[in-house]
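Colleague: Have a look at this one.
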Amino acid sequence: MIDTPPRNDPEAGIVPQPGAERPAYDVAPKGETGKDFEEIWAQPPGWRVLSSVSHRVVGKRFLITGFVFFLIAGLFALLVRLQLLVPENTFLDSETYNQLFTMHGTIMMFLFAIPMLEGFAVYLIPLMIGARDLVFPRLGAFGYWCYLFGGIIVLSSFLFDAAPMGGWFMYVPLSTSAYTEGLSADFWLIGITLAEIASVTAAVEIIAAILCSRAPGMTLGRMPILMWYFLAAAFMIAVAFPPLIIGSILLEAERLLGLPFFDPGLGGDPLLWQHLFWLFGHPEVYIIFLPAAGMVATMLPVFVGRPLFGYGFAVAAVVTMAFLSFGLWAHHMFATGLPEMSLTLFSAASTMVAVPTGVQIFCLIATLTLGRPRLTVPMYFILGFLFIFVLGGLTGVMLAAVPFNLQAHDSYFVVAHLHYVLIGGFVFPMFGALYYWVPHFTGRMMSERLGKWAFWLMFTGFNLAFFMMHLTGLRGMPRRVATYPEGIGWDRLNMLSTIGAFILAAGMLVFLVDFFRHQRNGAPSGRNPWGAATMEWLYPPPPPGYNFRAIPRVTSREPLWDQPELMETPAADIPGALRAYPDHRRETLGSDPVSGEPIQILRLPHPTWFPMLSAFGMALLFAATLASVYWLCAVGAVIALIGITLWVWEPSDTGVERDIGIEGLRLPVNAVDRRSHLHVGLVGSNLILFALYASLLFAGLYLWNTQPAFAEATERPARSFALLGLCLSVVVFALSWMTGRGGARATLWMTGVVNLCLAAALVGLAYVLARALWPVDPWSTAFASVGWSMGAYLSALIAVALYWTLFNALRKAVGATRPGQGLPDLLLGSYGKGVAVMAALTSVAFLFAGSP
Amino acid sequence: MTGLTLRIFGPVLIWALHFIALYALISAACAPRGLIAADMVQALAALATGLAAILCLVLLVSTRRAARVRQRPHSPCTRRHCGAR
């Protein structure tokens, strides 16, 4: 359903639309009419800045919070290294040691690396693609608060003397109630799941923003290379995080409710946890690496003065890598007794991933050879990245070989490898990126001299600390041991590693000193201080809150190099779209996902407290679950629901159409269009929901295949109700289709009636699925538990669909939705179809599962 | 857009499907349920690999053809002309 008239000019691809003569919709909701453009985009003063949803504010919050977590985790690493400084050391007892290395890994992976890349993405994407903000600013803010509250929950475990100590991977059965009593594992599972909400919301945000809000003319092929990296990482997050979320929920359900998902005595399997964890864990490494490599691919051409060599090859390599990374998870499980054929398959896939990685590295090296590089501080870090990451990649190829992997398994060789990959592949590019973009945040340059000191200290310290670990590992030292006997060849290597770790920390300290120093004493950066090619440097930093006074047309991949009019004109005077603001609202351009041509005007929200309120409700729900105070869980859920309802209950903007100020184009506001940001965001959300469902399905199939006796012993769901569920799924699908189709065309009362029919069908579907499961005892076997989990997951989806359906019907009833404003129904239709497909699959599974 | 998506993601999608097929076959043969025999796995894996290779070739040829068709109406150029560009 596309309301936007088709473009038929083959040259420009743009023609004035047929509706150009129509007057603007005079009931367009107005914004802050007393304010001028700058005031509309200004940040709220004082403490009300917490209500800001601007991408620049939220992005910086992510970066600062992530960096604080980095420092905390770094401190834990230093304590661990101090313990290993000498043999038979008693500096830390083994319990504290376990807690410290667990929290070090957990914080680095979940609370530092991913949030930092989210911070860079949230901050940079709109600036680089020519948008005034992200397309879902409130979602970004909501994600940040969830991340912060989740991180606080995880860290607060120290206050209760219950810090997790099962490793950052929380393997079962060690992390089950039988072996980890108390709340320590629960802190990990609940806190990390809450923090992961930020990752999946960021994935939706990034996908929709990059595809749907680019400047006119910015085709996919003209996007800055970093956008491809962010896009690939976002899709990977959408598919990779759900297995961990499901795994965490299953493990928490086992700990809290006694459901036997991982209990071999009742048909569970500890290896199921490893599969779910590493289905997330391995792509996670690439999710961390790819954006960092993208930042390198953005910065390197600037310092070489030439465009990136092999842009197309790099994009192809990124896409390939994103796919391949999902075929490697079992190489973390080579020593678990997998079948030999599996080992061969995963070994081959693990070796194969070196190819796209190599292509990217060759593109970077070839770019280096094109010109004479300027050796600035970011460039030092880029060279450091190339050196360290390539070494880490080489040991990765070694570990992909099964015989070597079995020898080096769980030794310090693996610790060395993973730090070479992660510090080389993420931390060094991140520091380079900070030196490169901090002037954009603050308007001042950091010191070249201190920066070089920081680099050399970090580079030397890192290699001293971690290169030694290869040798320590090859000499047989296992990882995660709190101490070791003297005189078996590990003493000197460990001492050198500890000295290296402290030198590395000194480098970071120099960076911190420079960061605080430059805010007062740094030289003003001026406009485009590095001579960059990308749009974020169009304004003298820090740019105004609206990013672009008018959104210019882009005709090149390197606009600031190839479009001289952009740099020769004062930034605020550059001609472009949306200079006028008749409705006094925050707006940006919505683009076609492929061509980048404008298709709509996007209305953006003003500062609001609702994302924070909703996240607070979620945090309360999670924390109360941890404390087993269930009435408080209900309070948290109600607060979250109220926050989300107030968030989405706003005047609908669809129906307004107006001139955007370039090329005579009149565009609809928030178009009812499958290419719109909301629909693309919904497709991203459906992808996440399907990945969650697929994880449960995988768990069921895995247990059915590996524990056949228990699967056969499980009672079969009621087949008549399962069949009825299948029929009702078809009905729900049909009604969802009608809802989506009718949204913009049918009259309000007709769509209202369809909404109510859909609600009735959803209630019926939930009822028959519950009746189908009723004969099955969820505690009887792990297979039965998974069946109930699928039912519970579907119930949650159906509850959301029901709420949404009634919400849409209510808005029509009270006049909050006007004729033609069919966007909510278009979105509900697509969501409903997804739910119907999952319900149909579940019904079919219930028909065949269990013993007759 | 679907066509473009297929052209961009086609080869890696085929790889992904091939990988899933092989993983499923191995799981079917090697898990305690033992759904199929090892010989059957080898035969089916060879078939799946051949099929994936053919699909990749078809995709490659059709993409090149589509690219040529797209070029024709807009660039009735001689080789010399193209070289100048």
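Residue numbering restarts at 1 in every chain; chains get A, B, ... in the order shown in the structure tokens, and ligands count up from 1 in that same order.
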With the cut-off set at 10 Å and counting only C-alpha atoms, tabulate each residue of chain A with an atom at most that distance from an atom of chain B, showing the nearest atom pair and its distance in Å to one decimal, ordered by chain and increasing number, as CSV.

Modeller:
residue,atom,partner,partner_atom,distance
A:Val315,CA,B:Ile8,CA,9.7
A:Ala316,CA,B:Ile8,CA,7.9
A:Val319,CA,B:Phe9,CA,7.5
A:Thr320,CA,B:Val12,CA,6.0
A:Met321,CA,B:Val12,CA,9.1
A:Ala322,CA,B:Val12,CA,9.3
A:Phe323,CA,B:Val12,CA,6.5
A:Leu324,CA,B:Ala16,CA,7.6
A:Phe326,CA,B:Ala16,CA,8.6
A:Gly327,CA,B:Phe19,CA,7.3
A:Leu338,CA,B:Cys30,CA,9.0
A:Pro339,CA,B:Cys30,CA,6.4
A:Glu340,CA,B:Cys30,CA,9.0
A:Met341,CA,B:Ile26,CA,6.6
A:Ser342,CA,B:Ile26,CA,6.6
A:Leu345,CA,B:Tyr23,CA,7.7
A:Phe346,CA,B:Tyr23,CA,9.2
A:Ala349,CA,B:Phe19,CA,8.8
A:Pro593,CA,B:Met1,CA,8.9
A:Val594,CA,B:Met1,CA,7.3
A:Ser595,CA,B:Met1,CA,9.9
A:Tyr702,CA,B:Ser27,CA,8.7
A:Leu703,CA,B:Ala31,CA,10.0
A:Trp704,CA,B:Arg33,CA,8.1
A:Asn705,CA,B:Arg33,CA,5.4
A:Thr706,CA,B:Pro32,CA,5.4
A:Gln707,CA,B:Pro32,CA,7.0
A:Pro708,CA,B:Arg33,CA,5.8
A:Ala709,CA,B:Arg33,CA,8.7

Colleague: Quick check, in Å to one decimal: how far apart do atom CA of Gly829 of chain A and atom CA of Ser676 of chain A lie?

Modeller: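 Interatomic distance, atom CA of Gly829 of chain A to atom CA of Ser676 of chain A: 14.7 Å.
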
Colleague: Just how far from atom CA of Ala759 of chain A is atom CA of Pro242 of chain A, in Å to one decimal?

Modeller: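 Atom CA of Ala759 of chain A lies at a distance of 27.2 Å from atom CA of Pro242 of chain A.
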
Colleague: Please list as a VMD selection string every residue within 9 Å of Val80 of chain A, counting only C-alpha atoms and excluding residues in the same chain fewer than 3 positions away.

Modeller: chain A and resid 75 to 77 83 to 85 92 97 100 to 101 482 498

Colleague: Expressed in Å to a single decimal, how great is the separation between atom CA of Leu290 of chain A and atom CA of Pro429 of chain A?

Modeller: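 Taking atom CA of Leu290 of chain A and atom CA of Pro429 of chain A, their separation equals 10.6 Å.
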
Colleague: Closest to Leu399 of chain A among A:Lys35, A:Pro356, A:Gly384, A:Ser350, using only C-alpha atoms?

Modeller: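 Smallest distance to Leu399 of chain A is found for A:Ser350.
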
Colleague: List the spatial neighbours of Ser830 of chain A as a list in words - criterion: any atom at most 9 Å away, only C-alpha atoms, same-chain residues fewer than 3 positions off excluded.

Modeller: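 In the requested format, the answer is His679, Leu682, Val683, Asn686, Ser736, Trp737, Thr739, Gly740, Asp825, Leu826, Leu827, Lys833, Gly834 and Val835 of chain A.
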
Colleague: Grab the residues selected above and save them as a PDB file, in the first residue's frame with N, CA, C and O atoms.

Modeller:
ATOM      1  N   HIS A 679       7.375   1.155   9.190  1.00  0.00           N
ATOM      2  CA  HIS A 679       7.178  -0.202   8.683  1.00  0.00           C
ATOM      3  C   HIS A 679       8.505  -0.944   8.613  1.00  0.00           C
ATOM      4  O   HIS A 679       8.580  -2.134   8.960  1.00  0.00           O
ATOM      5  N   LEU A 682       9.288  -2.009  11.946  1.00  0.00           N
ATOM      6  CA  LEU A 682       8.474  -3.167  12.341  1.00  0.00           C
ATOM      7  C   LEU A 682       9.010  -4.457  11.727  1.00  0.00           C
ATOM      8  O   LEU A 682       9.019  -5.507  12.390  1.00  0.00           O
ATOM      9  N   VAL A 683       9.484  -4.369  10.493  1.00  0.00           N
ATOM     10  CA  VAL A 683      10.085  -5.558   9.872  1.00  0.00           C
ATOM     11  C   VAL A 683      11.296  -5.994  10.694  1.00  0.00           C
ATOM     12  O   VAL A 683      11.487  -7.186  10.966  1.00  0.00           O
ATOM     13  N   ASN A 686       9.996  -7.655  13.774  1.00  0.00           N
ATOM     14  CA  ASN A 686       9.516  -9.008  13.468  1.00  0.00           C
ATOM     15  C   ASN A 686      10.676  -9.979  13.301  1.00  0.00           C
ATOM     16  O   ASN A 686      10.597 -11.141  13.687  1.00  0.00           O
ATOM     17  N   SER A 736      -5.473  -9.891  10.070  1.00  0.00           N
ATOM     18  CA  SER A 736      -4.324  -8.971  10.105  1.00  0.00           C
ATOM     19  C   SER A 736      -4.094  -8.396   8.713  1.00  0.00           C
ATOM     20  O   SER A 736      -3.800  -7.199   8.549  1.00  0.00           O
ATOM     21  N   TRP A 737      -4.239  -9.250   7.724  1.00  0.00           N
ATOM     22  CA  TRP A 737      -4.066  -8.790   6.339  1.00  0.00           C
ATOM     23  C   TRP A 737      -5.117  -7.715   6.021  1.00  0.00           C
ATOM     24  O   TRP A 737      -4.800  -6.678   5.459  1.00  0.00           O
ATOM     25  N   THR A 739      -6.641  -5.830   8.167  1.00  0.00           N
ATOM     26  CA  THR A 739      -6.321  -4.631   8.966  1.00  0.00           C
ATOM     27  C   THR A 739      -5.283  -3.783   8.249  1.00  0.00           C
ATOM     28  O   THR A 739      -5.433  -2.569   8.115  1.00  0.00           O
ATOM     29  N   GLY A 740      -4.228  -4.438   7.771  1.00  0.00           N
ATOM     30  CA  GLY A 740      -3.166  -3.713   7.081  1.00  0.00           C
ATOM     31  C   GLY A 740      -3.641  -3.091   5.787  1.00  0.00           C
ATOM     32  O   GLY A 740      -3.310  -1.950   5.471  1.00  0.00           O
ATOM     33  N   ASP A 825      -2.687   0.865  11.687  1.00  0.00           N
ATOM     34  CA  ASP A 825      -3.268  -0.401  11.240  1.00  0.00           C
ATOM     35  C   ASP A 825      -2.349  -1.127  10.274  1.00  0.00           C
ATOM     36  O   ASP A 825      -2.291  -2.358  10.262  1.00  0.00           O
ATOM     37  N   LEU A 826      -1.624  -0.373   9.454  1.00  0.00           N
ATOM     38  CA  LEU A 826      -0.650  -1.008   8.548  1.00  0.00           C
ATOM     39  C   LEU A 826       0.391  -1.786   9.361  1.00  0.00           C
ATOM     40  O   LEU A 826       0.732  -2.935   9.060  1.00  0.00           O
ATOM     41  N   LEU A 827       0.853  -1.141  10.440  1.00  0.00           N
ATOM     42  CA  LEU A 827       1.873  -1.773  11.281  1.00  0.00           C
ATOM     43  C   LEU A 827       1.290  -2.962  12.047  1.00  0.00           C
ATOM     44  O   LEU A 827       1.902  -4.033  12.114  1.00  0.00           O
ATOM     45  N   LYS A 833       0.342 -10.604  11.260  1.00  0.00           N
ATOM     46  CA  LYS A 833       0.673 -11.708  10.348  1.00  0.00           C
ATOM     47  C   LYS A 833       1.850 -12.520  10.906  1.00  0.00           C
ATOM     48  O   LYS A 833       1.863 -13.750  10.828  1.00  0.00           O
ATOM     49  N   GLY A 834       2.818 -11.813  11.444  1.00  0.00           N
ATOM     50  CA  GLY A 834       3.970 -12.517  12.045  1.00  0.00           C
ATOM     51  C   GLY A 834       3.535 -13.412  13.195  1.00  0.00           C
ATOM     52  O   GLY A 834       3.948 -14.575  13.295  1.00  0.00           O
ATOM     53  N   VAL A 835       2.669 -12.878  14.064  1.00  0.00           N
ATOM     54  CA  VAL A 835       2.186 -13.664  15.209  1.00  0.00           C
ATOM     55  C   VAL A 835       1.412 -14.879  14.709  1.00  0.00           C
ATOM     56  O   VAL A 835       1.563 -15.998  15.227  1.00  0.00           O
TER      57      VAL A 835
END
